[in-house]
Structure formats: structure tokens, C-alpha cells
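Participant: Below you'll find coords00.txt; it's compact mmCIF, C-alpha atoms and all ligand atoms.
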```
# COMPACT_ATOMS: atom_id res chain seq x y z
CA MET G 25 -62.71 -10.54 114.40
CA GLN G 26 -64.86 -10.58 117.53
CA ARG G 27 -66.62 -7.34 118.30
CA THR G 28 -66.25 -5.87 121.78
CA ASP G 29 -69.18 -5.57 124.17
CA ALA G 30 -68.99 -1.78 123.94
CA GLU G 31 -69.30 -1.94 120.16
CA LEU G 32 -72.28 -4.30 120.38
CA ILE G 33 -73.92 -2.06 122.98
CA ARG G 34 -73.51 0.99 120.75
CA ARG G 35 -75.01 -0.89 117.80
CA SER G 36 -77.85 -2.23 119.96
CA ARG G 37 -78.71 1.33 120.90
CA GLU G 38 -79.18 2.01 117.19
CA ALA G 39 -81.82 -0.73 117.24
CA ASP G 40 -79.52 -3.36 115.67
CA GLY G 41 -81.24 -6.61 116.63
CA ASP G 42 -78.35 -8.82 115.52
CA ALA G 43 -75.89 -6.95 117.73
CA PHE G 44 -78.16 -7.32 120.73
CA ALA G 45 -78.69 -11.03 120.03
CA GLU G 46 -74.90 -11.43 120.04
CA LEU G 47 -74.74 -9.75 123.46
CA VAL G 48 -77.49 -12.00 124.78
CA ARG G 49 -75.62 -15.08 123.54
CA ARG G 50 -72.52 -13.92 125.43
CA TYR G 51 -74.29 -13.57 128.77
CA GLU G 52 -77.42 -15.74 128.67
CA LYS G 53 -75.79 -18.75 130.34
CA ARG G 54 -74.54 -16.73 133.29
CA VAL G 55 -77.78 -14.79 133.74
CA PHE G 56 -79.81 -17.98 133.55
CA GLY G 57 -77.39 -19.65 135.96
CA ILE G 58 -77.86 -16.93 138.59
CA VAL G 59 -81.64 -17.02 138.38
CA TYR G 60 -81.96 -20.78 138.16
CA ARG G 61 -79.68 -21.33 141.14
CA MET G 62 -81.67 -18.75 143.10
CA LEU G 63 -85.16 -20.04 142.20
CA ASN G 64 -84.72 -23.69 141.30
CA ASP G 65 -87.49 -23.42 138.73
CA HIS G 66 -86.67 -23.89 135.09
CA THR G 67 -89.69 -22.02 133.66
CA GLU G 68 -89.44 -19.08 136.06
CA ALA G 69 -85.70 -18.88 135.45
CA THR G 70 -86.20 -18.77 131.67
CA ASP G 71 -88.83 -16.02 131.99
CA ILE G 72 -86.70 -13.94 134.31
CA THR G 73 -83.65 -14.34 132.08
CA GLN G 74 -85.72 -12.96 129.21
CA GLU G 75 -87.05 -10.13 131.36
CA THR G 76 -83.52 -9.26 132.45
CA PHE G 77 -82.33 -8.77 128.89
CA ILE G 78 -85.44 -6.83 127.84
CA LYS G 79 -85.04 -4.56 130.85
CA ALA G 80 -81.35 -4.13 130.08
CA TYR G 81 -82.21 -3.21 126.51
CA THR G 82 -84.72 -0.55 127.49
CA HIS G 83 -82.14 1.07 129.77
CA LEU G 84 -79.18 0.61 127.46
CA ASP G 85 -78.95 4.34 126.77
CA GLN G 86 -78.23 4.90 130.48
CA PHE G 87 -75.45 2.31 130.64
CA ASP G 88 -71.82 3.43 130.51
CA ASP G 89 -70.44 1.07 127.87
CA GLU G 90 -66.88 1.37 129.19
CA ARG G 91 -67.94 -0.59 132.26
CA PRO G 92 -68.27 -4.39 132.31
CA LEU G 93 -71.75 -5.59 131.49
CA MET G 94 -71.99 -8.65 133.73
CA PRO G 95 -72.38 -6.86 137.12
CA TRP G 96 -75.16 -4.71 135.67
CA LEU G 97 -77.00 -7.70 134.23
CA ALA G 98 -76.51 -9.55 137.51
CA THR G 99 -78.06 -6.64 139.42
CA ILE G 100 -81.14 -6.66 137.20
CA ALA G 101 -81.48 -10.46 137.30
CA LEU G 102 -81.03 -10.66 141.05
CA ASN G 103 -83.62 -7.96 141.73
CA LEU G 104 -86.15 -9.71 139.52
CA ALA G 105 -85.45 -13.02 141.25
CA ARG G 106 -85.77 -11.42 144.69
CA ASN G 107 -89.10 -9.84 143.73
CA LEU G 108 -90.40 -13.17 142.53
CA LEU G 109 -89.30 -14.95 145.70
CA THR G 110 -90.98 -12.31 147.84
CA SER G 111 -94.24 -12.38 145.91
CA ALA G 112 -94.31 -16.19 145.80
CA TRP G 113 -93.80 -16.17 149.55
CA ALA G 114 -96.59 -13.60 150.06
CA LYS G 115 -98.94 -15.68 147.93
CA ARG G 116 -98.25 -18.80 149.91
CA GLN G 117 -98.62 -16.90 153.17
CA ALA G 118 -102.07 -15.78 152.02
CA LEU G 119 -103.00 -19.37 151.31
CA ASP G 120 -101.70 -20.77 154.53
CA ASP G 121 -100.98 -18.65 157.57
CA ASN G 122 -99.36 -21.54 159.37
CA LEU G 123 -96.77 -22.04 156.66
CA SER G 124 -93.35 -21.72 158.14
CA CYS G 125 -91.46 -20.99 154.96
CA SER G 126 -89.66 -17.71 154.33
CA PRO G 127 -88.96 -15.73 151.15
CA SER G 128 -85.57 -17.35 151.15
CA GLU G 129 -86.99 -20.66 150.14
CA PHE G 130 -87.18 -21.88 146.59
CA THR G 131 -90.40 -21.04 144.81
CA ARG G 132 -91.19 -24.57 143.83
CA LEU G 133 -89.46 -27.75 144.69
CA GLU G 134 -88.29 -29.28 141.47
CA VAL G 135 -86.06 -32.29 141.62
CA LEU G 136 -82.91 -30.88 143.11
CA ASP G 137 -79.59 -31.56 141.50
CA GLU G 138 -76.62 -31.89 143.81
CA VAL G 139 -75.69 -28.21 143.67
CA GLN G 140 -79.27 -27.08 144.24
CA SER G 141 -79.66 -29.34 147.21
CA VAL G 142 -76.49 -27.94 148.79
CA LEU G 143 -77.55 -24.35 148.05
CA SER G 144 -80.92 -24.96 149.65
CA HIS G 145 -79.13 -25.24 153.00
CA LEU G 146 -77.66 -21.75 152.73
CA THR G 147 -79.26 -18.46 153.72
CA PRO G 148 -80.47 -16.40 150.74
CA GLU G 149 -77.65 -13.91 151.37
CA GLN G 150 -75.08 -16.67 151.27
CA ARG G 151 -76.65 -18.15 148.17
CA GLU G 152 -76.48 -14.78 146.43
CA VAL G 153 -72.79 -14.25 146.98
CA ILE G 154 -72.00 -17.83 145.98
CA VAL G 155 -73.98 -17.53 142.77
CA LEU G 156 -72.53 -14.11 141.92
CA ARG G 157 -68.99 -15.29 142.55
CA HIS G 158 -69.15 -18.71 140.93
CA ILE G 159 -71.71 -18.38 138.16
CA SER G 160 -71.30 -14.75 137.10
CA ASP G 161 -67.58 -14.82 137.92
CA LEU G 162 -67.69 -11.42 139.61
CA THR G 163 -64.94 -10.00 141.83
CA TYR G 164 -65.52 -9.16 145.53
CA GLU G 165 -65.83 -5.47 144.58
CA GLU G 166 -68.38 -6.20 141.88
CA ILE G 167 -70.43 -8.44 144.20
CA ALA G 168 -70.40 -5.65 146.78
CA GLY G 169 -71.73 -3.29 144.11
CA VAL G 170 -74.50 -5.68 143.10
CA THR G 171 -75.65 -6.58 146.61
CA GLY G 172 -75.07 -3.17 148.15
CA GLU G 173 -72.89 -4.66 150.89
CA LYS G 174 -69.40 -3.79 152.07
CA ILE G 175 -66.53 -5.75 150.51
CA SER G 176 -65.59 -7.15 153.92
CA THR G 177 -69.17 -8.41 154.38
CA VAL G 178 -69.11 -10.04 150.95
CA LYS G 179 -65.83 -11.79 151.77
CA SER G 180 -66.88 -13.13 155.14
CA ARG G 181 -70.27 -14.23 153.80
CA LEU G 182 -68.59 -16.02 150.93
CA PHE G 183 -66.06 -17.74 153.17
CA GLU G 184 -68.74 -18.87 155.64
CA ALA G 185 -70.92 -20.18 152.84
CA ARG G 186 -68.07 -22.24 151.43
CA GLN G 187 -67.23 -23.68 154.84
CA ARG G 188 -70.85 -24.70 155.13
CA ILE G 189 -70.80 -26.25 151.67
CA LYS G 190 -67.62 -28.16 152.48
CA LEU G 191 -69.26 -29.57 155.60
CA LEU G 192 -72.49 -30.43 153.81
CA ARG G 193 -70.59 -32.27 151.14
CA THR G 194 -68.56 -34.30 153.62
CA HIS G 195 -71.80 -35.09 155.37
CA GLU G 196 -73.38 -36.21 152.08
CA GLU G 197 -70.40 -38.39 151.27
CA ALA G 198 -70.53 -39.99 154.69
CA LYS G 199 -74.17 -40.86 154.11
CA LEU G 200 -73.35 -42.73 150.88
CA MET I 3 -43.11 -19.40 156.22
CA MET I 4 -46.29 -19.77 158.27
CA CYS I 5 -49.12 -21.90 156.97
CA LEU I 6 -51.92 -20.14 155.08
CA SER I 7 -55.22 -19.41 156.78
CA ASP I 8 -58.41 -20.68 155.24
CA ASN I 9 -59.30 -17.12 154.23
CA GLU I 10 -56.00 -16.69 152.44
CA LEU I 11 -56.49 -19.98 150.62
CA GLN I 12 -59.96 -18.92 149.50
CA MET I 13 -58.70 -15.54 148.36
CA LEU I 14 -55.97 -17.26 146.39
CA ALA I 15 -58.58 -19.47 144.71
CA ASP I 16 -60.69 -16.36 144.02
CA ASN I 17 -57.75 -14.65 142.27
CA ALA I 18 -58.03 -11.96 144.91
CA LEU I 19 -54.37 -12.07 145.97
CA ALA I 20 -51.94 -10.04 143.93
CA GLY I 21 -48.21 -9.48 143.56
CA GLN I 22 -45.97 -10.72 146.35
CA ASP I 23 -48.82 -12.14 148.43
CA ARG I 24 -49.92 -14.30 145.56
CA GLU I 25 -46.37 -15.49 144.76
CA ARG I 26 -45.73 -16.36 148.39
CA ALA I 27 -49.02 -18.24 148.75
CA LEU I 28 -48.45 -20.19 145.55
CA SER I 29 -44.95 -21.26 146.48
CA HIS I 30 -46.14 -22.25 149.98
CA ILE I 31 -48.91 -24.57 148.82
CA LYS I 32 -46.36 -26.26 146.56
CA SER I 33 -44.01 -26.97 149.43
CA CYS I 34 -46.52 -27.65 152.24
CA ALA I 35 -48.55 -30.84 151.91
CA GLN I 36 -51.18 -29.75 154.42
CA CYS I 37 -51.91 -26.40 152.75
CA GLY I 38 -51.72 -28.07 149.34
CA GLU I 39 -54.43 -30.50 150.44
CA GLN I 40 -56.59 -27.66 151.84
CA TYR I 41 -56.23 -25.74 148.62
CA ALA I 42 -57.19 -28.78 146.51
CA GLN I 43 -60.33 -29.15 148.64
CA ILE I 44 -61.31 -25.54 148.03
CA ARG I 45 -60.73 -25.96 144.32
CA SER I 46 -62.99 -28.99 144.35
CA VAL I 47 -65.77 -26.98 146.05
CA PHE I 48 -65.31 -24.37 143.31
CA ALA I 49 -65.59 -26.95 140.53
CA PHE I 50 -68.68 -28.39 142.18
CA LEU I 51 -70.38 -24.97 142.42
CA GLU I 52 -69.42 -24.05 138.89
CA SER I 53 -70.85 -27.22 137.36
CA GLU I 54 -73.58 -26.46 134.86
CA PRO I 55 -77.23 -27.08 135.72
CA ALA I 56 -78.89 -30.02 133.98
CA VAL I 57 -81.42 -27.65 132.38
CA GLY I 58 -80.78 -24.64 130.16
CA LEU I 59 -82.34 -22.10 127.84
CA PRO I 60 -84.20 -23.18 124.69
CA ALA I 61 -82.48 -22.97 121.29
CA GLY I 62 -82.87 -19.61 119.58
CA PHE I 63 -83.41 -17.85 122.90
CA ALA I 64 -81.04 -14.95 122.15
CA GLU I 65 -82.60 -14.19 118.76
CA ALA I 66 -86.14 -14.30 120.14
CA VAL I 67 -85.26 -12.01 123.06
CA ALA I 68 -83.44 -9.54 120.81
CA GLU I 69 -86.38 -9.41 118.44
CA ARG I 70 -88.80 -8.77 121.29
CA ALA I 71 -86.52 -6.16 122.82
CA VAL I 72 -85.96 -4.21 119.64
CA SER I 73 -89.56 -4.22 118.48
CA SER I 74 -91.11 -3.40 121.85
CA LEU I 75 -89.28 -0.19 122.39
CA GLY I 76 -90.86 3.19 122.68
CA TRP I 77 -87.60 4.99 122.11
CA LEU I 78 -87.28 3.28 118.79
CA GLN I 79 -90.19 5.44 117.65
CA THR I 80 -88.31 8.52 118.78
CA LYS I 81 -85.22 7.27 116.96
CA ARG I 82 -87.30 6.85 113.81
CA VAL I 83 -88.58 10.42 114.02
CA GLN I 84 -85.06 11.72 114.66
CA LYS I 85 -83.82 9.75 111.66
CA SER I 86 -86.61 11.10 109.47
CA ILE I 87 -85.82 14.67 110.45
CA LYS I 88 -82.16 14.03 109.63
CA ASP I 89 -83.14 12.50 106.30
CA ILE I 90 -85.37 15.41 105.38
CA ALA I 91 -82.51 17.77 106.16
CA VAL I 92 -80.18 15.73 103.94
CA ALA I 93 -82.78 15.70 101.16
CA MET I 94 -83.12 19.49 101.37
CA VAL I 95 -79.36 19.99 101.19
CA VAL I 96 -79.20 17.66 98.16
CA ALA I 97 -82.05 19.56 96.49
CA ILE I 98 -80.41 22.92 97.10
CA VAL I 99 -77.06 21.67 95.79
CA LEU I 100 -78.81 20.30 92.70
CA SER I 101 -80.64 23.56 92.02
CA VAL I 102 -77.45 25.57 92.49
CA LEU I 103 -75.70 23.19 90.11
CA LEU I 104 -78.54 23.57 87.60
CA ASN I 105 -78.32 27.32 87.93
CA TRP I 106 -74.58 27.19 87.41
CA LEU I 107 -75.00 25.03 84.31
CA SER I 108 -77.54 27.43 82.87
CA SER I 109 -75.44 30.50 83.62
CA ASN I 110 -72.52 28.79 81.87
CA SER I 111 -74.88 28.22 78.98
CA LEU I 112 -73.97 24.60 78.56
CA GLY I 113 -75.74 23.92 75.32
CA VAL I 114 -75.64 20.14 75.74
CA VAL I 115 -77.73 20.22 78.89
CA ALA I 116 -80.13 22.71 77.39
CA ASP I 117 -80.50 20.57 74.30
CA THR I 118 -81.07 17.39 76.30
CA LEU I 119 -83.72 19.03 78.41
CA SER I 120 -85.17 20.68 75.29
CA TYR I 121 -85.36 23.97 77.15
CA ASP I 122 -83.97 27.25 76.18
CA LEU I 123 -82.29 28.01 79.48
CA ASP I 124 -82.07 31.72 78.77
CA THR I 125 -85.83 31.92 78.74
CA VAL I 126 -86.45 29.89 81.92
CA ASP I 127 -88.54 32.09 84.18
CA ILE I 128 -88.29 32.38 87.95
CA PRO I 129 -91.57 30.61 88.85
CA PHE I 130 -90.49 27.63 86.75
CA ALA I 131 -87.14 27.44 88.56
CA TYR I 132 -88.93 27.44 91.92
CA ALA I 133 -91.30 24.73 90.75
CA MET I 134 -88.30 22.61 89.70
CA LEU I 135 -86.64 23.16 93.09
CA LEU I 136 -89.81 22.14 94.94
CA PHE I 137 -90.24 19.08 92.73
CA THR I 138 -86.65 17.89 93.33
CA LEU I 139 -87.04 18.46 97.06
CA THR I 140 -90.25 16.46 97.28
CA ILE I 141 -88.87 13.53 95.28
CA GLY I 142 -85.75 13.48 97.48
CA VAL I 143 -87.70 13.49 100.76
CA VAL I 144 -90.17 10.87 99.62
CA THR I 145 -87.46 8.52 98.34
CA ILE I 146 -85.27 8.70 101.44
CA ASP I 147 -88.28 8.40 103.73
CA ALA I 148 -89.43 5.29 101.90
CA ILE I 149 -85.96 3.76 102.25
CA MET I 150 -85.86 4.53 105.98
CA TYR I 151 -89.33 3.14 106.57
CA HIS I 152 -88.41 -0.03 104.73
CA ARG I 153 -85.22 -0.42 106.76
CA PHE I 154 -86.92 -0.03 110.14
CA ASN I 155 -89.85 -2.15 109.17
CA ARG I 156 -87.57 -5.02 108.28
CA LEU I 157 -85.63 -4.54 111.46
CA SER I 158 -88.56 -4.79 113.80
CA VAL I 159 -90.48 -7.50 112.02
CA HIS I 160 -87.72 -9.70 110.67
CA GLY I 161 -84.79 -8.64 112.85
CA ARG I 162 -83.95 -12.28 113.41
CA ASP I 163 -83.41 -12.96 109.70
CA ARG I 164 -81.18 -10.04 109.01
CA LYS I 165 -77.57 -11.02 108.49
ZN ZN G 301 -48.77 -24.87 155.15
```
The structure in this file should be written as C-alpha cells.
Ligand SMILES: [Zn+2]
Facilitator:
Amino acid sequence: MQRTDAELIRRSREADGDAFAELVRRYEKRVFGIVYRMLNDHTEATDITQETFIKAYTHLDQFDDERPLMPWLATIALNLARNLLTSAWAKRQALDDNLSCSPSEFTRLEVLDEVQSVLSHLTPEQREVIVLRHISDLTYEEIAGVTGEKISTVKSRLFEARQRIKLLRTHEEAKL
Amino acid sequence: MMCLSDNELQMLADNALAGQDRERALSHIKSCAQCGEQYAQIRSVFAFLESEPAVGLPAGFAEAVAERAVSSLGWLQTKRVQKSIKDIAVAMVVAIVLSVLLNWLSSNSLGVVADTLSYDLDTVDIPFAYAMLLFTLTIGVVTIDAIMYHRFNRLSVHGRDRK
């Protein structure tokens, strides 16, 4: 029988490594997905995914295990990704004052898959709601909790982003 | 009924419509070709966005992270101390129960026990009884502490191998 998240969290708090590994297996794909889609850097995304789980573990005693785990993990992952984007931007600014990039841009330009290339045309705020909705499978309310925005803002941002994506994709198809 | 707005279609796809609204929207897209087409387009954007990235996490990622998490924790040390205190308390209770039991056996003059121990229980003096109590207590604490240390040591060093 599959153990519930709450049960695994309680066991993890008792320093049960197997229970925590089981929790990581349940959420690693979604956490990695969020970070990778935000950063477009495989190595950075792997590191931040690891950091997210370690951070979650050290604060596990403060987490209410009756609540769903995904929004909490998403909050941690997103904050770490945001910090990295900001510091990468600051570093590049220091190197080149004329650089016109913003913290919203991907840290490093790896070969973009189709989704990444579409996401790169969105604002960072739009990208966040898209990733939280479609990769972490969060509800509007949960996304609002993670981003600290109002539900109505989340909705309109999400709808605008999708309109943009629809247009971009038609544009891409027309080019082919 | 009126055609669905783009927002309503997106909310339907997001599972954000409930009850009557949802039923009405679902039956409308079935009967209206235009809305049906719009909805299919939204679903295709969803599928596109939900497609998995070409890269992923390395094998054994979860186990490695769990091992690092468990072994790097400061509060684990606190937990260990708390556990030890609990264990010492248990050991003391066990020792007291044992000494009471021993006392009871001697007061009942159970000859078998006396014979086995080769002691004449009637002549056991008080200092000897206290020495026995202290001895039992120490053995109990040391044993349980060793077991606990072994358990935690395995957990933090070989957590990955434990099944
Ligand atoms: Zn219609």
C-alpha cells in the first residue's frame, strides 16, 4: 500500500532517509521542471532542485503536513531560481555595463527546445505562472499563494501568457 | 446558449469551473463547432507546455539528496540527545522494576532463585543490594545507548542502503 505524503513527512522528521527519498521521488520531476523551465540550464536546475529538497528537509518541522506539499516546494524552488537569475544578472552587469539584458533572461543560452524558445518570449511573471500551472499542476489559489499575487492577477496573467503562446506558435508554424 | 469566452474556455481547461457552470460549458463545446475548435486549440497549448524537457535528473538523485539531507542536519544531533535521554529513562525504569522484582523474589524466599544465584538471600545486606541495582542500571544504559548509536550511525552513513 502506498504511504501518504503526511506519513512520509512524519517519518522524515524522525530522520528516516528512505521515507524522505520516497518523497523526493514523488516531486523531483515537477521541482526540476519548474527550475529548468525558469533557468534553461541543466546543471543549475539540477543543483537548485537538490537545494530545494535540502532546504525543505531542514524546515520540515515547521511544515503543516495536512497541507499539500507541492505549493510549498514550488515556493522554495522559485525563490532559489529567482535569486540565481538576479545574481547572474548582477554579475553580467558588472562585466558589461552596456549589456541590455534583464534578470528575466535565461542565465545561459543552452540549445532551446521548442517549449523553452516559446517561454523565452514571455515576461518572467508570465513564465512563472505558466510553469506553476502546467508543470507543478497548481490551482489558481495555490499559484497566488506561491507568487504572492491576487487570484485575479494570476488568472489574467495566465490567460495573457497563453494567448501570447498561441500566437507565437502560429507564427512558428507559418515560418515552417 | 451564448458562446463561451476565451477566459471561460481556459478556466474549463484548468478545471477551475465547477458544478452547473462546468456542465453548461461542457455541453456547449459539444454542440458548438466554433467553441469546440477553440477548446481543442487551448488543450493543444496545454499539451505543448506540459511536454517533458529533453533533459532530466541523474539516476539515484532522490537517494543521494535524502542521504545528504538527513546527514547534514543539526537538529538530528538534538534528536539523538533527546533519544538518549529517553533511553536512559527507560533503562532506569527497567532497572528499578528488576530490583523490585528481585526484592519481591527474595522476600518470598524463592529457594530456586537463591540456589541458582548461590546466595543466601536472607543474609544479603543493604550495600550489596544497592551495588546490584547500580550494576543493573549501568548495564541497561550502556546497552541501549550502544544500540541507539549504532542505529543512528547506520542511518546517516548508509541511509541509502537501508531497506
Ligand atoms: Zn459556441
Participant: Ligand ZN 301 (chain G): which residues are within 6 Å, counting all atoms listed in the file, as a list in words?
Facilitator: Cys5, Leu6, Cys34, Gln36 and Cys37 of chain I
Participant: Counting all atoms listed in the file, which residue out of G:Glu46, G:Glu90, G:Glu31, G:Glu197 sits closest to chain I?
Facilitator: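 Looking only at the distances to chain I, the closest residue turns out to be G:Glu46.
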Participant: Would you mind telling me which residue in G:Phe87, G:Phe77, G:Trp96, G:Phe56 lies nearest to Gly169 of chain G when using all atoms listed in the file?
Facilitator: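 Closest candidate: G:Trp96.
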Participant: Between I:Ser53, I:Ser86, I:Ser33, I:Gln22, single out the one closest to chain G, counting only C-alpha atoms.
Facilitator: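 Residue with the minimum atom-to-atom distance to chain G: I:Ser53.
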Participant: When distances are computed from only C-alpha atoms, which of G:Val178, G:Met62, G:Met25, G:Ala101 shows the smallest separation from Arg151 of chain G?
Facilitator: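 Counting only C-alpha atoms, the residue closest to Arg151 of chain G is G:Met62.
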Participant: What is the atom CA of Ala15 of chain I to atom CA of Tyr41 of chain I distance in Å?
Facilitator: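 It comes out at 7.8 Å.
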Participant: Closest to chain G among I:Arg45, I:His30, I:Lys88, I:Arg70, using all atoms listed in the file?
Facilitator: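 Nearest to chain G: I:Arg70.
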Participant: Ranking I:Val92, I:Leu51, I:Leu19, I:Ala56 by minimum distance to Val142 of chain G and counting only C-alpha atoms, which one comes first?
Facilitator: I:Leu51
Participant: For atom CA of Glu138 of chain G and atom CA of Val59 of chain G, determine how far apart the two atoms are, in Å to one decimal place.
Facilitator: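 Taking atom CA of Glu138 of chain G as the start and atom CA of Val59 of chain G as the end point, the length is 16.6 Å.
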Participant: What lies within 12 Å of Arg35 of chain G using all atoms listed in the file, ignoring chain neighbours under 6 positions off, as an MDAnalysis selection string?
Facilitator: (chainID G and resid 27:29 41:47 81 84:85 89) or (chainID I and resid 72)
Participant: Near chain I, which residues of chain G fall within 9 Å when you count all atoms listed in the file, and what do they look like as an mmCIF file with C-alpha atoms, keeping the file's coordinate frame?
Facilitator:
```cif
data_model
loop_
_atom_site.group_PDB
_atom_site.id
_atom_site.type_symbol
_atom_site.label_atom_id
_atom_site.label_comp_id
_atom_site.auth_asym_id
_atom_site.auth_seq_id
_atom_site.Cartn_x
_atom_site.Cartn_y
_atom_site.Cartn_z
ATOM 1 C CA SER G 36 -77.850 -2.230 119.960
ATOM 2 C CA GLU G 38 -79.180 2.010 117.190
ATOM 3 C CA ALA G 39 -81.820 -0.730 117.240
ATOM 4 C CA ASP G 40 -79.520 -3.360 115.670
ATOM 5 C CA GLY G 41 -81.240 -6.610 116.630
ATOM 6 C CA ASP G 42 -78.350 -8.820 115.520
ATOM 7 C CA ALA G 43 -75.890 -6.950 117.730
ATOM 8 C CA PHE G 44 -78.160 -7.320 120.730
ATOM 9 C CA ALA G 45 -78.690 -11.030 120.030
ATOM 10 C CA GLU G 46 -74.900 -11.430 120.040
ATOM 11 C CA LEU G 47 -74.740 -9.750 123.460
ATOM 12 C CA VAL G 48 -77.490 -12.000 124.780
ATOM 13 C CA ARG G 49 -75.620 -15.080 123.540
ATOM 14 C CA GLU G 52 -77.420 -15.740 128.670
ATOM 15 C CA LYS G 53 -75.790 -18.750 130.340
ATOM 16 C CA PHE G 56 -79.810 -17.980 133.550
ATOM 17 C CA GLY G 57 -77.390 -19.650 135.960
ATOM 18 C CA TYR G 60 -81.960 -20.780 138.160
ATOM 19 C CA ARG G 61 -79.680 -21.330 141.140
ATOM 20 C CA HIS G 66 -86.670 -23.890 135.090
ATOM 21 C CA ALA G 69 -85.700 -18.880 135.450
ATOM 22 C CA THR G 70 -86.200 -18.770 131.670
ATOM 23 C CA THR G 73 -83.650 -14.340 132.080
ATOM 24 C CA GLN G 74 -85.720 -12.960 129.210
ATOM 25 C CA GLU G 75 -87.050 -10.130 131.360
ATOM 26 C CA PHE G 77 -82.330 -8.770 128.890
ATOM 27 C CA ILE G 78 -85.440 -6.830 127.840
ATOM 28 C CA LYS G 79 -85.040 -4.560 130.850
ATOM 29 C CA TYR G 81 -82.210 -3.210 126.510
ATOM 30 C CA THR G 82 -84.720 -0.550 127.490
ATOM 31 C CA ASP G 137 -79.590 -31.560 141.500
ATOM 32 C CA GLU G 138 -76.620 -31.890 143.810
ATOM 33 C CA VAL G 139 -75.690 -28.210 143.670
ATOM 34 C CA GLN G 140 -79.270 -27.080 144.240
ATOM 35 C CA ILE G 154 -72.000 -17.830 145.980
ATOM 36 C CA VAL G 155 -73.980 -17.530 142.770
ATOM 37 C CA ARG G 157 -68.990 -15.290 142.550
ATOM 38 C CA HIS G 158 -69.150 -18.710 140.930
ATOM 39 C CA ILE G 159 -71.710 -18.380 138.160
ATOM 40 C CA THR G 163 -64.940 -10.000 141.830
ATOM 41 C CA TYR G 164 -65.520 -9.160 145.530
ATOM 42 C CA LYS G 179 -65.830 -11.790 151.770
ATOM 43 C CA SER G 180 -66.880 -13.130 155.140
ATOM 44 C CA PHE G 183 -66.060 -17.740 153.170
ATOM 45 C CA ARG G 186 -68.070 -22.240 151.430
ATOM 46 C CA ILE G 189 -70.800 -26.250 151.670
ATOM 47 C CA LYS G 190 -67.620 -28.160 152.480
ATOM 48 C CA ARG G 193 -70.590 -32.270 151.140
#
```
Participant: Which value, in Å to one decimal, gives the distance between atom CA of Leu162 of chain G and atom CA of Pro95 of chain G?
Facilitator: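 So the two atoms, atom CA of Leu162 of chain G and atom CA of Pro95 of chain G, lie 7.0 Å apart.
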Participant: Would you give the centre and edge lengths, in Å to one decimal, of a box along x, y and z around the listed atoms of segment 30-44 of chain I, with 4 Å added to each side, as JSON?
Facilitator:
```
{"center_x": -52.7, "center_y": -26.5, "center_z": 150.5, "size_x": 25.3, "size_y": 16.6, "size_z": 15.9}
```
Participant: Using all atoms listed in the file, which protein or nucleic acid residues come within 12 Å of Arg106 of chain G? Drop anything in the same chain fewer than 4 positions from it, and give the result as a PyMOL selection string.
Facilitator: chain G and resi 58-59+62-63+69+72+98-102+110-113+127-131+148-149+151-152+171
Participant: Keeping C-alpha atoms for every residue in the selection just given, could you write it to a file as a compact mmCIF listing (two decimals), keeping the file's coordinate frame?
Facilitator:
```
# COMPACT_ATOMS: atom_id res chain seq x y z
CA ILE G 58 -77.86 -16.93 138.59
CA VAL G 59 -81.64 -17.02 138.38
CA MET G 62 -81.67 -18.75 143.10
CA LEU G 63 -85.16 -20.04 142.20
CA ALA G 69 -85.70 -18.88 135.45
CA ILE G 72 -86.70 -13.94 134.31
CA ALA G 98 -76.51 -9.55 137.51
CA THR G 99 -78.06 -6.64 139.42
CA ILE G 100 -81.14 -6.66 137.20
CA ALA G 101 -81.48 -10.46 137.30
CA LEU G 102 -81.03 -10.66 141.05
CA THR G 110 -90.98 -12.31 147.84
CA SER G 111 -94.24 -12.38 145.91
CA ALA G 112 -94.31 -16.19 145.80
CA TRP G 113 -93.80 -16.17 149.55
CA PRO G 127 -88.96 -15.73 151.15
CA SER G 128 -85.57 -17.35 151.15
CA GLU G 129 -86.99 -20.66 150.14
CA PHE G 130 -87.18 -21.88 146.59
CA THR G 131 -90.40 -21.04 144.81
CA PRO G 148 -80.47 -16.40 150.74
CA GLU G 149 -77.65 -13.91 151.37
CA ARG G 151 -76.65 -18.15 148.17
CA GLU G 152 -76.48 -14.78 146.43
CA THR G 171 -75.65 -6.58 146.61
```
